[in-house]
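Shown below: data-v2.cif, with mmCIF, C-alpha atoms.
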```
data_my_file
#
loop_
_atom_site.label_atom_id
_atom_site.label_comp_id
_atom_site.auth_asym_id
_atom_site.auth_seq_id
_atom_site.Cartn_x
_atom_site.Cartn_y
_atom_site.Cartn_z
CA LEU A 1 59.68 100.23 97.50
CA PHE A 2 57.99 98.18 100.21
CA SER A 3 60.58 99.19 102.81
CA LYS A 4 60.31 102.87 101.82
CA ASN A 5 56.49 102.73 102.19
CA ILE A 6 56.93 101.23 105.65
CA LEU A 7 59.25 104.08 106.57
CA SER A 8 56.80 106.71 105.35
CA GLU A 9 53.86 105.05 107.09
CA ALA A 10 55.82 104.81 110.32
CA GLY A 11 56.43 108.55 110.21
CA TYR A 12 60.18 108.50 109.78
CA SER A 13 61.73 111.81 108.77
CA ASN A 14 63.62 112.43 105.55
CA GLU A 15 66.81 112.66 107.57
CA MET A 16 66.31 109.13 108.87
CA LYS A 17 65.69 107.91 105.31
CA SER A 18 68.90 109.55 104.10
CA ILE A 19 70.83 107.87 106.91
CA LEU A 20 69.37 104.44 106.18
CA TYR A 21 69.70 104.62 102.42
CA ASP A 22 72.78 106.86 102.26
CA THR A 23 71.16 108.93 99.50
CA LYS A 24 73.52 111.88 99.89
CA PRO A 25 77.28 111.63 99.46
CA THR A 26 79.23 112.44 102.59
CA ILE A 27 82.68 113.95 103.05
CA ARG A 28 83.93 110.47 103.93
CA GLN A 29 83.05 109.33 100.41
CA MET A 30 84.63 112.50 99.02
CA TYR A 31 81.77 112.80 96.51
CA LEU A 32 83.45 110.39 94.10
CA ASP A 33 82.23 107.14 92.63
CA PRO A 34 84.27 104.08 93.71
CA ARG A 35 85.22 103.42 90.08
CA THR A 36 86.61 106.94 89.80
CA LYS A 37 88.69 106.48 92.94
CA ILE A 38 90.06 103.19 91.61
CA LEU A 39 90.99 104.94 88.35
CA LEU A 40 92.75 107.73 90.26
CA CYS A 41 94.64 105.18 92.37
CA VAL A 42 95.78 103.19 89.33
CA THR A 43 96.73 106.33 87.36
CA VAL A 44 98.80 107.84 90.16
CA SER A 45 100.59 104.56 90.92
CA PHE A 46 101.32 103.74 87.28
CA VAL A 47 102.49 107.19 86.19
CA MET A 48 104.64 107.78 89.28
CA ILE A 49 106.43 104.43 88.92
CA ALA A 50 106.69 104.17 85.12
CA SER A 51 107.70 107.73 84.18
CA ASP A 52 110.98 109.59 84.56
CA ASN A 53 111.43 113.11 85.81
CA THR A 54 112.26 114.48 82.36
CA GLY A 55 110.50 116.61 79.80
CA VAL A 56 106.88 117.44 80.45
CA MET A 57 106.72 114.77 83.18
CA ARG A 58 108.83 116.92 85.49
CA TYR A 59 105.74 119.12 85.80
CA VAL A 60 103.20 116.29 85.79
CA LEU A 61 104.80 114.22 88.57
CA PRO A 62 104.57 116.97 91.24
CA CYS A 63 100.90 117.42 90.34
CA MET A 64 100.35 113.68 90.77
CA ALA A 65 102.09 113.78 94.14
CA LEU A 66 99.73 116.56 95.28
CA ILE A 67 96.58 114.50 94.63
CA PRO A 68 96.82 112.39 97.83
CA LEU A 69 97.70 115.52 99.79
CA ALA A 70 94.60 117.35 98.52
CA ALA A 71 92.41 114.29 99.13
CA PHE A 72 93.46 113.96 102.77
CA ILE A 73 93.05 117.71 103.32
CA ILE A 74 89.46 117.49 102.05
CA LEU A 75 88.89 114.51 104.36
CA LYS A 76 90.36 116.56 107.25
CA LYS A 77 92.97 113.87 107.99
CA TYR A 78 95.53 116.44 109.05
CA ALA A 79 97.83 113.94 110.78
CA ILE A 80 98.12 111.92 107.56
CA VAL A 81 98.66 115.16 105.64
CA ALA A 82 101.58 116.07 107.91
CA TYR A 83 103.15 112.59 107.67
CA TYR A 84 102.81 112.51 103.90
CA ALA A 85 104.19 116.02 103.38
CA VAL A 86 107.17 115.47 105.69
CA LEU A 87 108.09 112.07 104.21
CA TYR A 88 107.79 113.28 100.64
CA MET A 89 109.83 116.44 101.24
CA ILE A 90 112.52 114.45 103.05
CA SER A 91 112.69 111.92 100.22
CA ILE A 92 113.16 114.74 97.70
CA ILE A 93 115.52 117.07 99.59
CA LEU A 94 117.64 114.70 101.68
CA PRO A 95 119.56 112.94 98.84
CA ASP A 96 120.86 116.26 97.48
CA TYR A 97 122.36 117.18 100.86
CA ALA A 98 123.52 113.70 101.90
CA MET A 99 125.31 112.58 98.71
CA GLU A 100 128.42 114.66 99.34
CA HIS A 101 128.85 113.36 102.88
CA PHE A 102 128.74 109.59 102.20
CA PRO A 103 130.88 107.20 100.14
CA ALA A 104 129.86 106.33 96.59
CA ILE A 105 128.52 102.86 97.43
CA VAL A 106 126.37 104.27 100.23
CA ASN A 107 125.07 107.00 97.93
CA ILE A 108 124.10 104.44 95.29
CA LEU A 109 122.10 102.38 97.76
CA PHE A 110 120.71 105.33 99.69
CA THR A 111 119.72 107.37 96.65
CA GLY A 112 118.13 104.35 94.99
CA ILE A 113 115.98 103.57 98.03
CA ILE A 114 114.91 107.21 98.36
CA ALA A 115 114.07 107.42 94.65
CA ILE A 116 111.94 104.30 94.84
CA PHE A 117 110.21 105.59 97.97
CA THR A 118 109.47 108.90 96.22
CA LYS A 119 107.70 107.01 93.43
CA ILE A 120 105.71 104.55 95.54
CA LEU A 121 104.66 106.92 98.35
CA PRO A 122 101.88 108.68 96.34
CA GLY A 123 100.52 105.35 95.15
CA MET A 124 100.49 103.93 98.67
CA SER A 125 98.72 107.08 99.90
CA MET A 126 96.10 106.79 97.16
CA PHE A 127 95.49 103.17 98.14
CA SER A 128 95.05 104.29 101.75
CA PHE A 129 92.62 106.97 100.57
CA LEU A 130 90.68 104.35 98.60
CA ILE A 131 90.32 102.10 101.66
CA LEU A 132 89.37 104.99 103.97
CA THR A 133 86.64 106.36 101.70
CA THR A 134 85.14 103.22 100.17
CA THR A 135 82.97 100.70 101.95
CA ILE A 136 82.89 97.05 100.95
CA SER A 137 79.31 97.40 99.72
CA GLU A 138 80.27 100.31 97.47
CA PHE A 139 83.25 98.44 96.11
CA VAL A 140 81.27 95.27 95.38
CA ALA A 141 78.49 97.28 93.74
CA ALA A 142 81.03 99.08 91.56
CA MET A 143 82.70 95.83 90.53
CA ASP A 144 79.34 94.25 89.72
CA SER A 145 78.46 97.21 87.52
CA LEU A 146 81.73 96.68 85.62
CA HIS A 147 81.01 92.92 85.32
CA ILE A 148 84.25 92.05 87.12
CA PRO A 149 84.46 88.32 88.00
CA LYS A 150 83.83 87.36 91.61
CA SER A 151 87.18 85.58 91.68
CA PHE A 152 88.72 89.07 91.76
CA THR A 153 86.02 90.93 93.71
CA ILE A 154 85.90 88.62 96.74
CA PRO A 155 89.67 88.59 97.55
CA VAL A 156 89.94 92.37 97.11
CA SER A 157 86.84 93.00 99.25
CA VAL A 158 88.39 90.82 101.98
CA MET A 159 91.61 92.83 101.66
CA PHE A 160 89.63 96.06 102.18
CA ARG A 161 88.76 94.86 105.67
CA PHE A 162 92.08 93.09 106.30
CA PHE A 163 94.30 96.16 106.74
CA PRO A 164 91.98 98.05 109.15
CA THR A 165 91.59 94.85 111.17
CA ILE A 166 95.38 94.49 111.42
CA LYS A 167 95.57 98.05 112.73
CA GLU A 168 92.91 97.35 115.35
CA GLU A 169 94.61 94.12 116.38
CA TYR A 170 97.99 95.81 116.78
CA SER A 171 96.42 98.62 118.84
CA ALA A 172 94.85 96.08 121.16
CA ILE A 173 98.15 94.20 121.57
CA ARG A 174 100.02 97.45 122.17
CA ASP A 175 97.56 98.56 124.87
CA ALA A 176 97.75 95.16 126.56
CA MET A 177 101.55 95.25 126.63
CA ARG A 178 101.58 98.81 127.94
CA LEU A 179 99.23 97.77 130.71
CA ARG A 180 101.71 95.06 131.70
CA ASN A 181 104.69 97.40 131.16
CA VAL A 182 106.46 95.02 128.77
CA GLY A 183 107.52 95.18 125.16
CA SER A 184 108.67 98.81 124.95
CA TRP A 185 111.05 100.29 122.38
CA ARG A 186 113.81 100.29 125.00
CA ASN A 187 114.09 96.52 124.63
CA PRO A 188 113.67 95.57 120.94
CA MET A 189 113.78 91.82 121.62
CA GLU A 190 110.95 92.04 124.12
CA MET A 191 108.95 94.15 121.69
CA LEU A 192 109.49 91.56 118.95
CA GLU A 193 108.37 88.80 121.30
CA TYR A 194 105.41 90.46 123.00
CA ARG A 195 104.01 92.52 120.10
CA MET A 196 105.04 91.18 116.71
CA VAL A 197 104.72 87.46 117.51
CA PRO A 198 101.08 87.76 118.72
CA LEU A 199 100.30 89.97 115.73
CA LEU A 200 101.74 87.53 113.21
CA THR A 201 99.95 84.67 114.92
CA GLY A 202 96.67 86.57 114.80
CA LEU A 203 96.99 87.34 111.09
CA LEU A 204 96.20 83.74 110.20
CA SER A 205 92.96 83.71 112.14
CA ILE A 206 92.03 87.19 110.90
CA GLY A 207 92.33 86.11 107.28
CA ASN A 208 90.25 82.99 107.85
CA GLU A 209 87.57 84.88 109.78
CA LEU A 210 87.26 87.62 107.15
CA SER A 211 87.02 85.04 104.38
CA ALA A 212 84.29 83.18 106.28
CA SER A 213 82.47 86.47 106.91
CA ALA A 214 82.54 87.34 103.20
CA LEU A 215 81.16 83.93 102.25
CA THR A 216 78.50 84.15 104.97
CA ARG A 217 77.26 87.43 103.50
CA GLY A 218 76.76 85.71 100.17
CA LEU A 219 79.47 87.42 98.13
CA ASP A 220 80.02 84.22 96.17
CA ALA A 221 76.33 83.74 95.37
CA PRO A 222 75.67 83.21 91.65
CA ASN A 223 72.79 85.68 91.64
CA ARG A 224 73.28 89.42 91.27
CA ARG A 225 73.47 91.22 94.62
CA THR A 226 71.18 94.09 95.56
CA ASN A 227 72.39 97.08 97.56
CA VAL A 228 71.07 100.32 99.00
CA CYS A 229 74.27 102.35 98.60
CA PRO A 230 73.91 104.64 95.58
CA ILE A 231 76.79 104.79 93.14
CA GLY A 232 76.95 106.82 89.98
CA PHE A 233 78.98 109.32 88.01
CA HIS A 234 78.63 113.05 88.58
CA TRP A 235 80.42 116.19 87.43
CA GLN A 236 83.29 115.69 89.88
CA ASP A 237 83.83 112.19 88.50
CA ALA A 238 83.96 113.64 84.97
CA ILE A 239 86.64 116.11 86.07
CA ALA A 240 88.70 113.35 87.72
CA MET A 241 88.42 111.13 84.63
CA LEU A 242 89.39 114.01 82.35
CA PHE A 243 92.43 114.65 84.54
CA CYS A 244 93.44 110.97 84.38
CA THR A 245 93.00 110.99 80.59
CA ILE A 246 95.21 114.06 80.22
CA VAL A 247 97.92 112.59 82.46
CA ILE A 248 97.97 109.26 80.62
CA THR A 249 98.07 111.08 77.27
CA LEU A 250 101.01 113.22 78.37
CA TYR A 251 102.81 110.12 79.63
CA ALA A 252 102.24 108.34 76.31
CA LEU A 253 103.47 111.35 74.31
CA SER A 254 106.48 111.73 76.60
CA SER A 255 107.40 108.06 76.22
CA ALA A 256 106.85 107.98 72.45
CA PHE A 257 108.30 111.31 71.33
CA GLY A 258 110.50 112.32 74.29
CA TRP A 259 108.51 115.40 75.24
#
```

Represent the structure of the file as structure tokens.
Amino acid sequence: LFSKNILSEAGYSNEMKSILYDTKPTIRQMYLDPRTKILLCVTVSFVMIASDNTGVMRYVLPCMALIPLAAFIILKKYAIVAYYAVLYMISIILPDYAMEHFPAIVNILFTGIIAIFTKILPGMSMFSFLILTTTISEFVAAMDSLHIPKSFTIPVSVMFRFFPTIKEEYSAIRDAMRLRNVGSWRNPMEMLEYRMVPLLTGLLSIGNELSASALTRGLDAPNRRTNVCPIGFHWQDAIAMLFCTIVITLYALSSAFGW
């Protein structure tokens, strides 16, 4: 309240207040509570991996595979949409056309890998969507509201920043090697030496630095943290939770009664 009074006395506009306090959901957050996004991620991953393409699940599984596609379209991540659509279509169509042209042992290995990839690709995409649309503050606030122990919250919050940092580190190494004209795809051994070795070496320091940063911000403090990022359930969260409930119910009925 004191900080808001200072803002009003200083003559800040409502737009500045909304930027500072993030009072309105943005398209980056996709208008969903972090707990709802975690539930969607877990539901898609579990149902895609645990269920078979039989009975009513043959209609449910394509719907589950479309959830990451729709999420990235709403976020306007069209490059990710194209990659996801192409990889998923290839993993579905390619085995049917390739089985008759390869020996039996190759088909067993090839078809098995493609089948596993078809099941894990939507879950991996949902995890990517969760990282892209959820800040660490939102995630920690959501976990605190669920009374999740800090022994789980702190490692996962560090992991949220770990993957984007790896991407930034690899981009920097790639640009440095391109500037020196070494480590191209034409010479795989040079690429392994000049790109992958520095990246793997940097992963150790990245993990230690992110852990130290999390502890410096007081994530392990015994007191309850305060935050200015609003989280809460709205009508879109109710629709997403109803969808997850229906999917899990259909999976349970399919597993129990063979629907």

**Asked** Got a sec to resolve the PyMOL selection byres ((chain A and resi 251) around 9) on this structure and send the residues as an MDAnalysis selection string?
**Response** chainID A and resid 47 50:51 56:57 60 246:250 252:256 259

**Request:** To verify the selection step, state as an MDAnalysis selection string which residues the PyMOL selection byres ((chain A and resi 85-90) around 12) yields on this input.
**Result:** chainID A and resid 62 65:70 72:73 78:84 91:98 111 114:122 125

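Residues matched by the PyMOL selection byres ((chain A and resi 161-168) around 8) in this file: A:Ile136, A:Ser157, A:Val158, A:Met159, A:Phe160, A:Glu169, A:Tyr170, A:Ser171, A:Ala172, A:Leu199, A:Leu203, A:Ile206, A:Gly207, A:Leu210.
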
**Prompt:** Given the choices A:Arg186, A:His147, A:His101, A:Arg35, which gets closest to A:Thr134 if the distance is worked out from only C-alpha atoms?
**Reply:** A:Arg35

**Asked** Contacts of A:Pro149 at 12 Å or less, counting only C-alpha atoms, minus same-chain residues fewer than 3 places along, as an MDAnalysis selection string?
**Response** chainID A and resid 140 142:146 152:156 219:222 224

**Residue contacts of stretch 42-44 of chain A (7 Å, only C-alpha atoms) excluding same-chain residues fewer than 2 positions away, as a ChimeraX atom specification** = /A:38-40,46-48,64,122-123,244

**Prompt:** Interatomic distance between atom CA of A:Cys229 and atom CA of A:Thr135?
**Reply:** 9.5 Å

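Across the model, the gap from atom CA of A:Ala141 to atom CA of A:Ser213 is 17.5 Å.
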
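Here atom CA of A:Thr226 is placed at a distance of 23.6 Å from atom CA of A:Glu209.
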
**Request:** Excluding A:Arg195 and any residue of its chain fewer than 3 positions from it, enumerate the residues within 10 Å of it, using only C-alpha atoms, and give them as a VMD selection string.
**Result:** chain A and resid 170 to 174 176 to 177 182 to 184 189 to 192 198 to 200

Take stretch 159-170 of chain A, bring it up to N, CA, C and O atoms, and give me the output as a JSON list (two decimals), keeping the file's coordinate frame.
```
[["chain", "number", "residue", "atom", "x", "y", "z"],
["A", 159, "MET", "N", 90.42, 92.02, 101.38],
["A", 159, "MET", "CA", 91.61, 92.83, 101.66],
["A", 159, "MET", "C", 91.22, 94.21, 102.17],
["A", 159, "MET", "O", 91.94, 94.79, 102.98],
["A", 160, "PHE", "N", 90.09, 94.75, 101.71],
["A", 160, "PHE", "CA", 89.63, 96.06, 102.18],
["A", 160, "PHE", "C", 89.43, 96.06, 103.69],
["A", 160, "PHE", "O", 89.65, 97.08, 104.35],
["A", 161, "ARG", "N", 88.98, 94.95, 104.23],
["A", 161, "ARG", "CA", 88.76, 94.86, 105.67],
["A", 161, "ARG", "C", 89.99, 94.32, 106.40],
["A", 161, "ARG", "O", 90.08, 94.46, 107.63],
["A", 162, "PHE", "N", 90.92, 93.74, 105.67],
["A", 162, "PHE", "CA", 92.08, 93.09, 106.30],
["A", 162, "PHE", "C", 93.00, 94.12, 106.95],
["A", 162, "PHE", "O", 93.39, 93.96, 108.10],
["A", 163, "PHE", "N", 93.35, 95.19, 106.22],
["A", 163, "PHE", "CA", 94.30, 96.16, 106.74],
["A", 163, "PHE", "C", 93.75, 96.92, 107.95],
["A", 163, "PHE", "O", 94.46, 97.10, 108.94],
["A", 164, "PRO", "N", 92.50, 97.42, 107.92],
["A", 164, "PRO", "CA", 91.98, 98.05, 109.15],
["A", 164, "PRO", "C", 91.92, 97.09, 110.34],
["A", 164, "PRO", "O", 92.13, 97.51, 111.48],
["A", 165, "THR", "N", 91.64, 95.81, 110.07],
["A", 165, "THR", "CA", 91.59, 94.85, 111.17],
["A", 165, "THR", "C", 92.98, 94.63, 111.77],
["A", 165, "THR", "O", 93.12, 94.46, 112.98],
["A", 166, "ILE", "N", 94.00, 94.61, 110.92],
["A", 166, "ILE", "CA", 95.38, 94.49, 111.42],
["A", 166, "ILE", "C", 95.71, 95.68, 112.33],
["A", 166, "ILE", "O", 96.32, 95.51, 113.40],
["A", 167, "LYS", "N", 95.31, 96.86, 111.92],
["A", 167, "LYS", "CA", 95.57, 98.05, 112.73],
["A", 167, "LYS", "C", 94.88, 97.95, 114.08],
["A", 167, "LYS", "O", 95.46, 98.27, 115.13],
["A", 168, "GLU", "N", 93.63, 97.51, 114.09],
["A", 168, "GLU", "CA", 92.91, 97.35, 115.35],
["A", 168, "GLU", "C", 93.55, 96.28, 116.23],
["A", 168, "GLU", "O", 93.65, 96.44, 117.45],
["A", 169, "GLU", "N", 93.98, 95.20, 115.62],
["A", 169, "GLU", "CA", 94.61, 94.12, 116.38],
["A", 169, "GLU", "C", 95.92, 94.59, 117.00],
["A", 169, "GLU", "O", 96.21, 94.28, 118.18],
["A", 170, "TYR", "N", 96.73, 95.33, 116.24],
["A", 170, "TYR", "CA", 97.99, 95.81, 116.78],
["A", 170, "TYR", "C", 97.76, 96.82, 117.91],
["A", 170, "TYR", "O", 98.49, 96.84, 118.90]]
```
